[in-house]
Amino acid sequence: MNFISTRGGECVSGAQAIAQGIAKDGGLFVPEKFPAVSVSELEEMLSMNYAERAATVLHKYLDEYDFDGLKAACEKAYAQFEGDDAAPLVKIDAGLYMLELFHGPTCAFKDMALTLLPYLLRTGCNLCGIQEQVLILVATSGDTGKAALEGFKDADGVKIMVFYPNDGVSKMQKLQMSTQEGANVSVVAVRSNFDVCQSAVKQIFTSETCQEELKRKGYILSSANSINFGRLAPQIAYYFSAYLDLVSSKQIEMGDKVNFSVPTGNFGNILAAYYAKRMGLPVGKLICASNKNNILTDFIRTGIYDKRREFYKTMSPSMDILISSNLERLLFELADRNPVRVRIRMEKLAQEGVYNLYDEEIEAVKELLWADFCGEDETVETIYEFFEEYQYPMDTHTACAMYAASNYIAQHENDAAPMIVVSTASPYKFPQDVMYSITGNDIKDSFKAIKHLNIATAMKVPACLSKLRDKPVRFTLVVDKDKLYNEVLKFVDQK
Ligand SMILES: *Cc1c(COP(=O)(O)O)cnc(C)c1O
């Protein structure tokens, strides 16, 4: 299957789309068409384990990859997860489920894709005959950076460099990244917010001068951010798997619709749910949950995307985003795949900070999505109430999705479809905030908070977080936002 740019300028193979990360015209790669999954194929997938289901979904898009190779890679990736199911579906109450995506090596859902991306990228480069080393640049609001570093550490032929906003990630996230092991990794803090990091990295990607200079040094650039289709594809799989789990445990019949509530930042996770729906998965509504940075809520309710607003730092930092880059892929579909319309809107966003949809597009958005946002107080309350009622501790991001899901259910009595809340991080990844929410105790030290949270909830502490305490800090550099490329050059020159 071929992939085209949302801005019209390019058509490449899946392998090339993954190797390259982003299209040369600044657009994102999307499949030429959505591959279909029939009911009989869904039925065949019922008896498969998670890795086989994932390989089946991936191969629909990446048909030039060898299926057995994909399957082996999925098995290897998901064997790193704690427990025997990489994406368990937990029943909370009648018609209410949690899809836990945080059992991977860094305790956030980013692991679902980033444990697999090194294979997809290396194989993609081989299929395209790319000889150069790959330089991966990542802008992160916290979780992507760590998951990408873990995925790519000591991978052959790859160097990875991660930029994060110095004051925009949690203590735990910062510690996870600054203690990263591996000879091919670098981590740099930037004096700015995530959006600035993301556009600075995107600028390097789309600059021909930078690309040529790096090529002379023997490197091609690629991305591990969710703009890379190789990030998106593995995420589509868990929506299928959650559905199949409901069917095989007889909670629904094949063909019944289910709703998903997704805590959203860059719009990558929820976009994967939309792709699953377009492939034929019986999905009803997608609930797009934001935090206090509610630009997407406004967009879905009004059709106006307006980033001229204050940026808030919240206790769900991975959702502190004003420019959701994957929304461009949805815009492309809304505009009937007209790249000119996408280009004009992206230019308007860059220049004026705002664009709006046509009326029929607003209708289509509302048919597909329902949006809500969860403020800081509501986040604390949701974690507290939910723990009181179900003894189920959840993280601050998941709480936003739970809050939005509850509001949707309360306001839509006629919609009887089961609700699956997508749980994107372990509560232990944000231990102070979760501890405070559940008990009212404000504990300053992260490891103390982990210990107390463990006592309060009896939930097992993930090994990857408790280990952090004894790891030496390797990366302490903080730079200004216009110095990123300098650091990139230093990193590739370093032997
Ligand atoms: C990245 C992240 C999100 C947001 O996901 P997007 O794909 O960027 O919308 C939500 N929760 C957690 C814990 C994350 O790490």
# chains A, B, ... in the order shown; residues from 1 in each chain; ligands from 1
call {"tool": "residues_around", "arguments": {"residues": "Met1 in chain A", "least_positions_apart": "4", "cutoff": "12 Å", "atoms": "only C-alpha atoms", "output": "MDAnalysis selection string"}}
result
chainID A and resid 11:17 29:35 58:65
call {"tool": "write_last_selection", "arguments": {"atoms": "N, CA and C atoms", "output": "PDB file, in the first residue's frame"}}
result
ATOM      1  N   CYS A  11       4.021  10.749  -2.771  1.00  0.00           N
ATOM      2  CA  CYS A  11       3.419   9.416  -2.676  1.00  0.00           C
ATOM      3  C   CYS A  11       4.547   8.407  -2.557  1.00  0.00           C
ATOM      4  N   VAL A  12       4.584   7.640  -1.461  1.00  0.00           N
ATOM      5  CA  VAL A  12       5.699   6.732  -1.188  1.00  0.00           C
ATOM      6  C   VAL A  12       5.167   5.399  -0.662  1.00  0.00           C
ATOM      7  N   SER A  13       6.048   4.414  -0.556  1.00  0.00           N
ATOM      8  CA  SER A  13       5.670   3.129   0.040  1.00  0.00           C
ATOM      9  C   SER A  13       5.559   3.283   1.556  1.00  0.00           C
ATOM     10  N   GLY A  14       4.946   2.290   2.214  1.00  0.00           N
ATOM     11  CA  GLY A  14       4.846   2.325   3.669  1.00  0.00           C
ATOM     12  C   GLY A  14       6.209   2.351   4.335  1.00  0.00           C
ATOM     13  N   ALA A  15       7.141   1.555   3.769  1.00  0.00           N
ATOM     14  CA  ALA A  15       8.499   1.515   4.321  1.00  0.00           C
ATOM     15  C   ALA A  15       9.145   2.893   4.256  1.00  0.00           C
ATOM     16  N   GLN A  16       8.973   3.548   3.108  1.00  0.00           N
ATOM     17  CA  GLN A  16       9.546   4.884   2.930  1.00  0.00           C
ATOM     18  C   GLN A  16       8.876   5.886   3.883  1.00  0.00           C
ATOM     19  N   ALA A  17       7.561   5.781   4.036  1.00  0.00           N
ATOM     20  CA  ALA A  17       6.828   6.709   4.914  1.00  0.00           C
ATOM     21  C   ALA A  17       7.374   6.616   6.342  1.00  0.00           C
ATOM     22  N   PHE A  29       2.074  11.576   6.357  1.00  0.00           N
ATOM     23  CA  PHE A  29       1.724  10.476   5.470  1.00  0.00           C
ATOM     24  C   PHE A  29       0.454   9.781   5.947  1.00  0.00           C
ATOM     25  N   VAL A  30      -0.438   9.538   5.000  1.00  0.00           N
ATOM     26  CA  VAL A  30      -1.668   8.787   5.296  1.00  0.00           C
ATOM     27  C   VAL A  30      -1.806   7.683   4.244  1.00  0.00           C
ATOM     28  N   PRO A  31      -2.479   6.573   4.615  1.00  0.00           N
ATOM     29  CA  PRO A  31      -2.635   5.507   3.624  1.00  0.00           C
ATOM     30  C   PRO A  31      -3.474   6.002   2.451  1.00  0.00           C
ATOM     31  N   GLU A  32      -3.116   5.513   1.282  1.00  0.00           N
ATOM     32  CA  GLU A  32      -3.844   5.861   0.060  1.00  0.00           C
ATOM     33  C   GLU A  32      -5.335   5.581   0.214  1.00  0.00           C
ATOM     34  N   LYS A  33      -5.642   4.442   0.850  1.00  0.00           N
ATOM     35  CA  LYS A  33      -7.039   4.173   1.218  1.00  0.00           C
ATOM     36  C   LYS A  33      -7.039   3.343   2.499  1.00  0.00           C
ATOM     37  N   PHE A  34      -8.187   3.275   3.167  1.00  0.00           N
ATOM     38  CA  PHE A  34      -8.230   2.486   4.399  1.00  0.00           C
ATOM     39  C   PHE A  34      -8.442   1.011   4.067  1.00  0.00           C
ATOM     40  N   PRO A  35      -7.543   0.139   4.533  1.00  0.00           N
ATOM     41  CA  PRO A  35      -7.748  -1.285   4.286  1.00  0.00           C
ATOM     42  C   PRO A  35      -8.929  -1.776   5.111  1.00  0.00           C
ATOM     43  N   LEU A  58      -1.304  -4.541  11.455  1.00  0.00           N
ATOM     44  CA  LEU A  58      -0.174  -3.832  10.840  1.00  0.00           C
ATOM     45  C   LEU A  58       0.032  -4.239   9.384  1.00  0.00           C
ATOM     46  N   HIS A  59      -0.119  -5.543   9.141  1.00  0.00           N
ATOM     47  CA  HIS A  59       0.151  -6.024   7.783  1.00  0.00           C
ATOM     48  C   HIS A  59      -0.854  -5.510   6.768  1.00  0.00           C
ATOM     49  N   LYS A  60      -2.027  -5.106   7.242  1.00  0.00           N
ATOM     50  CA  LYS A  60      -3.023  -4.506   6.348  1.00  0.00           C
ATOM     51  C   LYS A  60      -2.475  -3.234   5.704  1.00  0.00           C
ATOM     52  N   TYR A  61      -1.694  -2.490   6.491  1.00  0.00           N
ATOM     53  CA  TYR A  61      -1.114  -1.239   5.969  1.00  0.00           C
ATOM     54  C   TYR A  61       0.269  -1.474   5.371  1.00  0.00           C
ATOM     55  N   LEU A  62       1.057  -2.292   6.075  1.00  0.00           N
ATOM     56  CA  LEU A  62       2.455  -2.472   5.678  1.00  0.00           C
ATOM     57  C   LEU A  62       2.594  -3.798   4.942  1.00  0.00           C
ATOM     58  N   ASP A  63       1.937  -3.894   3.779  1.00  0.00           N
ATOM     59  CA  ASP A  63       1.877  -5.194   3.117  1.00  0.00           C
ATOM     60  C   ASP A  63       3.195  -5.576   2.451  1.00  0.00           C
ATOM     61  N   GLU A  64       4.147  -4.650   2.322  1.00  0.00           N
ATOM     62  CA  GLU A  64       5.435  -5.078   1.763  1.00  0.00           C
ATOM     63  C   GLU A  64       6.358  -5.633   2.845  1.00  0.00           C
ATOM     64  N   TYR A  65       5.969  -5.500   4.108  1.00  0.00           N
ATOM     65  CA  TYR A  65       6.720  -6.159   5.180  1.00  0.00           C
ATOM     66  C   TYR A  65       6.310  -7.634   5.230  1.00  0.00           C
TER      67      TYR A  65
END
call {"tool": "residues_around", "arguments": {"residues": "Lys215 in chain A", "least_positions_apart": "5", "cutoff": "12 Å", "atoms": "only C-alpha atoms", "output": "PDB file with all heavy atoms, in the first residue's frame"}}
result
ATOM      1  N   ILE A 130      18.141   2.086   2.128  1.00  0.00           N
ATOM      2  CA  ILE A 130      18.805   3.238   2.762  1.00  0.00           C
ATOM      3  C   ILE A 130      20.064   2.761   3.490  1.00  0.00           C
ATOM      4  O   ILE A 130      20.005   1.851   4.318  1.00  0.00           O
ATOM      5  CB  ILE A 130      17.839   3.945   3.730  1.00  0.00           C
ATOM      6  CG1 ILE A 130      16.722   4.631   2.938  1.00  0.00           C
ATOM      7  CG2 ILE A 130      18.579   4.981   4.593  1.00  0.00           C
ATOM      8  CD1 ILE A 130      15.581   5.153   3.771  1.00  0.00           C
ATOM      9  N   GLN A 131      21.215   3.372   3.151  1.00  0.00           N
ATOM     10  CA  GLN A 131      22.505   2.941   3.708  1.00  0.00           C
ATOM     11  C   GLN A 131      22.913   3.760   4.928  1.00  0.00           C
ATOM     12  O   GLN A 131      23.667   3.289   5.772  1.00  0.00           O
ATOM     13  CB  GLN A 131      23.612   3.137   2.657  1.00  0.00           C
ATOM     14  CG  GLN A 131      23.316   2.536   1.289  1.00  0.00           C
ATOM     15  CD  GLN A 131      23.590   1.050   1.266  1.00  0.00           C
ATOM     16  OE1 GLN A 131      24.459   0.576   1.963  1.00  0.00           O
ATOM     17  NE2 GLN A 131      22.817   0.314   0.476  1.00  0.00           N
ATOM     18  N   GLU A 132      22.461   5.006   4.967  1.00  0.00           N
ATOM     19  CA  GLU A 132      22.918   5.925   6.011  1.00  0.00           C
ATOM     20  C   GLU A 132      22.486   5.458   7.399  1.00  0.00           C
ATOM     21  O   GLU A 132      21.580   4.653   7.542  1.00  0.00           O
ATOM     22  CB  GLU A 132      22.340   7.337   5.791  1.00  0.00           C
ATOM     23  CG  GLU A 132      22.958   8.105   4.649  1.00  0.00           C
ATOM     24  CD  GLU A 132      22.211   7.852   3.345  1.00  0.00           C
ATOM     25  OE1 GLU A 132      21.348   6.946   3.299  1.00  0.00           O
ATOM     26  OE2 GLU A 132      22.499   8.556   2.369  1.00  0.00           O
ATOM     27  N   GLN A 133      23.144   6.040   8.396  1.00  0.00           N
ATOM     28  CA  GLN A 133      22.660   5.885   9.770  1.00  0.00           C
ATOM     29  C   GLN A 133      21.382   6.706   9.909  1.00  0.00           C
ATOM     30  O   GLN A 133      21.196   7.705   9.207  1.00  0.00           O
ATOM     31  CB  GLN A 133      23.687   6.472  10.731  1.00  0.00           C
ATOM     32  CG  GLN A 133      24.985   5.735  10.735  1.00  0.00           C
ATOM     33  CD  GLN A 133      25.336   5.343  12.160  1.00  0.00           C
ATOM     34  OE1 GLN A 133      24.525   4.808  12.897  1.00  0.00           O
ATOM     35  NE2 GLN A 133      26.559   5.627  12.550  1.00  0.00           N
ATOM     36  N   VAL A 134      20.526   6.315  10.824  1.00  0.00           N
ATOM     37  CA  VAL A 134      19.289   7.066  11.055  1.00  0.00           C
ATOM     38  C   VAL A 134      19.448   7.903  12.319  1.00  0.00           C
ATOM     39  O   VAL A 134      19.863   7.395  13.363  1.00  0.00           O
ATOM     40  CB  VAL A 134      18.083   6.124  11.204  1.00  0.00           C
ATOM     41  CG1 VAL A 134      16.813   6.916  11.430  1.00  0.00           C
ATOM     42  CG2 VAL A 134      17.939   5.240   9.973  1.00  0.00           C
ATOM     43  N   LEU A 135      19.121   9.170  12.189  1.00  0.00           N
ATOM     44  CA  LEU A 135      19.132  10.058  13.356  1.00  0.00           C
ATOM     45  C   LEU A 135      17.687  10.367  13.715  1.00  0.00           C
ATOM     46  O   LEU A 135      16.948  10.947  12.911  1.00  0.00           O
ATOM     47  CB  LEU A 135      19.888  11.352  13.047  1.00  0.00           C
ATOM     48  CG  LEU A 135      19.836  12.412  14.148  1.00  0.00           C
ATOM     49  CD1 LEU A 135      20.505  11.911  15.423  1.00  0.00           C
ATOM     50  CD2 LEU A 135      20.480  13.707  13.682  1.00  0.00           C
ATOM     51  N   GLU A 208      15.915  21.859   4.116  1.00  0.00           N
ATOM     52  CA  GLU A 208      16.801  21.141   3.192  1.00  0.00           C
ATOM     53  C   GLU A 208      18.261  21.328   3.565  1.00  0.00           C
ATOM     54  O   GLU A 208      19.073  20.421   3.410  1.00  0.00           O
ATOM     55  CB  GLU A 208      16.554  21.601   1.754  1.00  0.00           C
ATOM     56  CG  GLU A 208      15.389  20.863   1.136  1.00  0.00           C
ATOM     57  CD  GLU A 208      15.114  21.261  -0.306  1.00  0.00           C
ATOM     58  OE1 GLU A 208      16.067  21.638  -1.013  1.00  0.00           O
ATOM     59  OE2 GLU A 208      13.941  21.191  -0.691  1.00  0.00           O
ATOM     60  N   THR A 209      18.583  22.516   4.063  1.00  0.00           N
ATOM     61  CA  THR A 209      19.968  22.782   4.470  1.00  0.00           C
ATOM     62  C   THR A 209      20.395  21.809   5.564  1.00  0.00           C
ATOM     63  O   THR A 209      21.468  21.216   5.490  1.00  0.00           O
ATOM     64  CB  THR A 209      20.089  24.226   5.023  1.00  0.00           C
ATOM     65  OG1 THR A 209      19.145  25.041   4.334  1.00  0.00           O
ATOM     66  CG2 THR A 209      21.488  24.762   4.860  1.00  0.00           C
ATOM     67  N   CYS A 210      19.557  21.677   6.580  1.00  0.00           N
ATOM     68  CA  CYS A 210      19.888  20.742   7.667  1.00  0.00           C
ATOM     69  C   CYS A 210      20.003  19.333   7.119  1.00  0.00           C
ATOM     70  O   CYS A 210      20.956  18.601   7.440  1.00  0.00           O
ATOM     71  CB  CYS A 210      18.815  20.761   8.753  1.00  0.00           C
ATOM     72  SG  CYS A 210      18.649  22.324   9.592  1.00  0.00           S
ATOM     73  N   ILE A 220      20.471  10.131   7.866  1.00  0.00           N
ATOM     74  CA  ILE A 220      19.172  10.629   7.447  1.00  0.00           C
ATOM     75  C   ILE A 220      18.323  10.827   8.705  1.00  0.00           C
ATOM     76  O   ILE A 220      18.506  10.144   9.712  1.00  0.00           O
ATOM     77  CB  ILE A 220      18.430   9.704   6.458  1.00  0.00           C
ATOM     78  CG1 ILE A 220      18.099   8.366   7.122  1.00  0.00           C
ATOM     79  CG2 ILE A 220      19.223   9.504   5.187  1.00  0.00           C
ATOM     80  CD1 ILE A 220      16.845   7.754   6.574  1.00  0.00           C
ATOM     81  N   LEU A 221      17.385  11.766   8.606  1.00  0.00           N
ATOM     82  CA  LEU A 221      16.541  12.070   9.763  1.00  0.00           C
ATOM     83  C   LEU A 221      15.297  11.200   9.759  1.00  0.00           C
ATOM     84  O   LEU A 221      14.720  10.937   8.704  1.00  0.00           O
ATOM     85  CB  LEU A 221      16.102  13.530   9.694  1.00  0.00           C
ATOM     86  CG  LEU A 221      17.116  14.585  10.112  1.00  0.00           C
ATOM     87  CD1 LEU A 221      16.557  15.970   9.797  1.00  0.00           C
ATOM     88  CD2 LEU A 221      17.410  14.459  11.602  1.00  0.00           C
ATOM     89  N   LEU A 489      24.104  18.865  15.794  1.00  0.00           N
ATOM     90  CA  LEU A 489      25.402  18.736  15.107  1.00  0.00           C
ATOM     91  C   LEU A 489      26.471  18.204  16.055  1.00  0.00           C
ATOM     92  O   LEU A 489      27.254  17.330  15.694  1.00  0.00           O
ATOM     93  CB  LEU A 489      25.826  20.084  14.533  1.00  0.00           C
ATOM     94  CG  LEU A 489      25.000  20.561  13.332  1.00  0.00           C
ATOM     95  CD1 LEU A 489      25.495  21.914  12.853  1.00  0.00           C
ATOM     96  CD2 LEU A 489      25.030  19.548  12.188  1.00  0.00           C
ATOM     97  N   VAL A 492      25.925  14.394  16.479  1.00  0.00           N
ATOM     98  CA  VAL A 492      26.328  13.485  15.401  1.00  0.00           C
ATOM     99  C   VAL A 492      27.846  13.481  15.212  1.00  0.00           C
ATOM    100  O   VAL A 492      28.425  12.497  14.760  1.00  0.00           O
ATOM    101  CB  VAL A 492      25.638  13.791  14.036  1.00  0.00           C
ATOM    102  CG1 VAL A 492      24.163  13.603  14.123  1.00  0.00           C
ATOM    103  CG2 VAL A 492      25.976  15.169  13.539  1.00  0.00           C
TER     104      VAL A 492
END
call {"tool": "closest_atom_pairs", "arguments": {"of": "chain A", "to": "ligand 1", "cutoff": "6 Å", "atoms": "only C-alpha atoms and all ligand atoms", "output": "CSV"}}
result
residue,atom,partner,partner_atom_place_in_ligand_line,distance
A:Ala108,CA,ligand 1,13 (C),5.5
A:Asp143,CA,ligand 1,15 (O),4.5
A:Pro263,CA,ligand 1,10 (C),5.0
A:Thr264,CA,ligand 1,9 (O),3.6
A:Gly265,CA,ligand 1,9 (O),3.6
A:Asn266,CA,ligand 1,8 (O),3.4
A:Phe267,CA,ligand 1,9 (O),3.7
A:Gly268,CA,ligand 1,7 (O),3.5
A:Asn269,CA,ligand 1,7 (O),3.8
A:Ser318,CA,ligand 1,2 (C),4.7
A:Met319,CA,ligand 1,4 (C),5.3
A:His397,CA,ligand 1,11 (N),5.0
A:Thr424,CA,ligand 1,13 (C),4.4
A:Ala425,CA,ligand 1,13 (C),4.4
call {"tool": "select_by_dssp", "arguments": {"residues": "range 130-293 of chain A", "states": "alpha helix (DSSP H)", "output": "VMD selection string"}}
result
chain A and resid 143 to 152 171 to 178 194 to 206 208 to 216 229 to 248 268 to 278
call {"tool": "residues_around", "arguments": {"residues": "Ser423 in chain A", "least_positions_apart": "2", "cutoff": "10 Å", "atoms": "only C-alpha atoms", "output": "ChimeraX atom specification"}}
result
/A:87,89,97-102,108-109,261-263,394-402,420-421,425-427
call {"tool": "closest_residue", "arguments": {"among": "A:Ala350, A:Ala189, A:Leu453, A:Leu368", "to": "Val162 in chain A", "atoms": "only C-alpha atoms"}}
result
A:Ala189
call {"tool": "residues_around", "arguments": {"residues": "Arg7 in chain A", "least_positions_apart": "4", "cutoff": "8 Å", "atoms": "only C-alpha atoms", "output": "list in words"}}
result
Asp25, Gly26, Gly27, Leu28, Pro339, Val340, Val342 and Arg343 of chain A
call {"tool": "write_last_selection", "arguments": {"atoms": "N, CA, C and O atoms", "output": "mmCIF file, in the first residue's frame"}}
result
data_model
loop_
_atom_site.group_PDB
_atom_site.id
_atom_site.type_symbol
_atom_site.label_atom_id
_atom_site.label_comp_id
_atom_site.auth_asym_id
_atom_site.auth_seq_id
_atom_site.Cartn_x
_atom_site.Cartn_y
_atom_site.Cartn_z
ATOM 1 N N ASP A 25 6.869 17.989 1.967
ATOM 2 C CA ASP A 25 6.095 19.238 1.902
ATOM 3 C C ASP A 25 5.567 19.650 3.278
ATOM 4 O O ASP A 25 4.749 20.553 3.391
ATOM 5 N N GLY A 26 6.028 18.964 4.332
ATOM 6 C CA GLY A 26 5.592 19.305 5.689
ATOM 7 C C GLY A 26 4.324 18.591 6.106
ATOM 8 O O GLY A 26 3.890 18.689 7.250
ATOM 9 N N GLY A 27 3.705 17.849 5.163
ATOM 10 C CA GLY A 27 2.471 17.125 5.486
ATOM 11 C C GLY A 27 2.762 15.810 6.189
ATOM 12 O O GLY A 27 3.910 15.424 6.387
ATOM 13 N N LEU A 28 1.695 15.121 6.586
ATOM 14 C CA LEU A 28 1.828 13.822 7.241
ATOM 15 C C LEU A 28 1.413 12.733 6.255
ATOM 16 O O LEU A 28 0.505 12.931 5.451
ATOM 17 N N PRO A 339 -5.974 18.023 -0.531
ATOM 18 C CA PRO A 339 -4.763 18.529 0.123
ATOM 19 C C PRO A 339 -4.659 20.057 0.112
ATOM 20 O O PRO A 339 -4.007 20.637 0.986
ATOM 21 N N VAL A 340 -5.288 20.680 -0.863
ATOM 22 C CA VAL A 340 -5.217 22.144 -0.941
ATOM 23 C C VAL A 340 -5.884 22.755 0.296
ATOM 24 O O VAL A 340 -5.370 23.688 0.912
ATOM 25 N N VAL A 342 -6.231 21.388 3.199
ATOM 26 C CA VAL A 342 -5.373 21.153 4.370
ATOM 27 C C VAL A 342 -4.241 22.174 4.402
ATOM 28 O O VAL A 342 -3.957 22.779 5.430
ATOM 29 N N ARG A 343 -3.625 22.361 3.237
ATOM 30 C CA ARG A 343 -2.482 23.279 3.162
ATOM 31 C C ARG A 343 -2.881 24.692 3.574
ATOM 32 O O ARG A 343 -2.207 25.351 4.354
#
call {"tool": "atom_distance", "arguments": {"atom1": "CA of Ser141 in chain A", "atom2": "CA of Thr314 in chain A"}}
result
11.7 Å
call {"tool": "closest_atom_pairs", "arguments": {"of": "range 130-225 of chain A", "to": "range 455-466 of chain A", "cutoff": "10 Å", "atoms": "only C-alpha atoms", "output": "tab-separated table"}}
result
residue	atom	partner	partner_atom	distance
A:Met172	CA	A:Leu465	CA	8.3
A:Gln173	CA	A:Leu465	CA	9.9
A:Leu175	CA	A:Leu465	CA	9.6
A:Gln176	CA	A:Leu465	CA	8.0
call {"tool": "residues_around", "arguments": {"residues": "Asp93 in chain A", "least_positions_apart": "2", "cutoff": "12 Å", "atoms": "only C-alpha atoms", "output": "PyMOL selection string"}}
result
chain A and resi 90-91+95-98+251+386+389-392+418-421
call {"tool": "residues_around", "arguments": {"residues": "range 75-83 of chain A", "least_positions_apart": "6", "cutoff": "6 Å", "atoms": "only C-alpha atoms", "output": "list in words"}}
result
Ala51, His103, Gly104, Thr115 and Leu116 of chain A
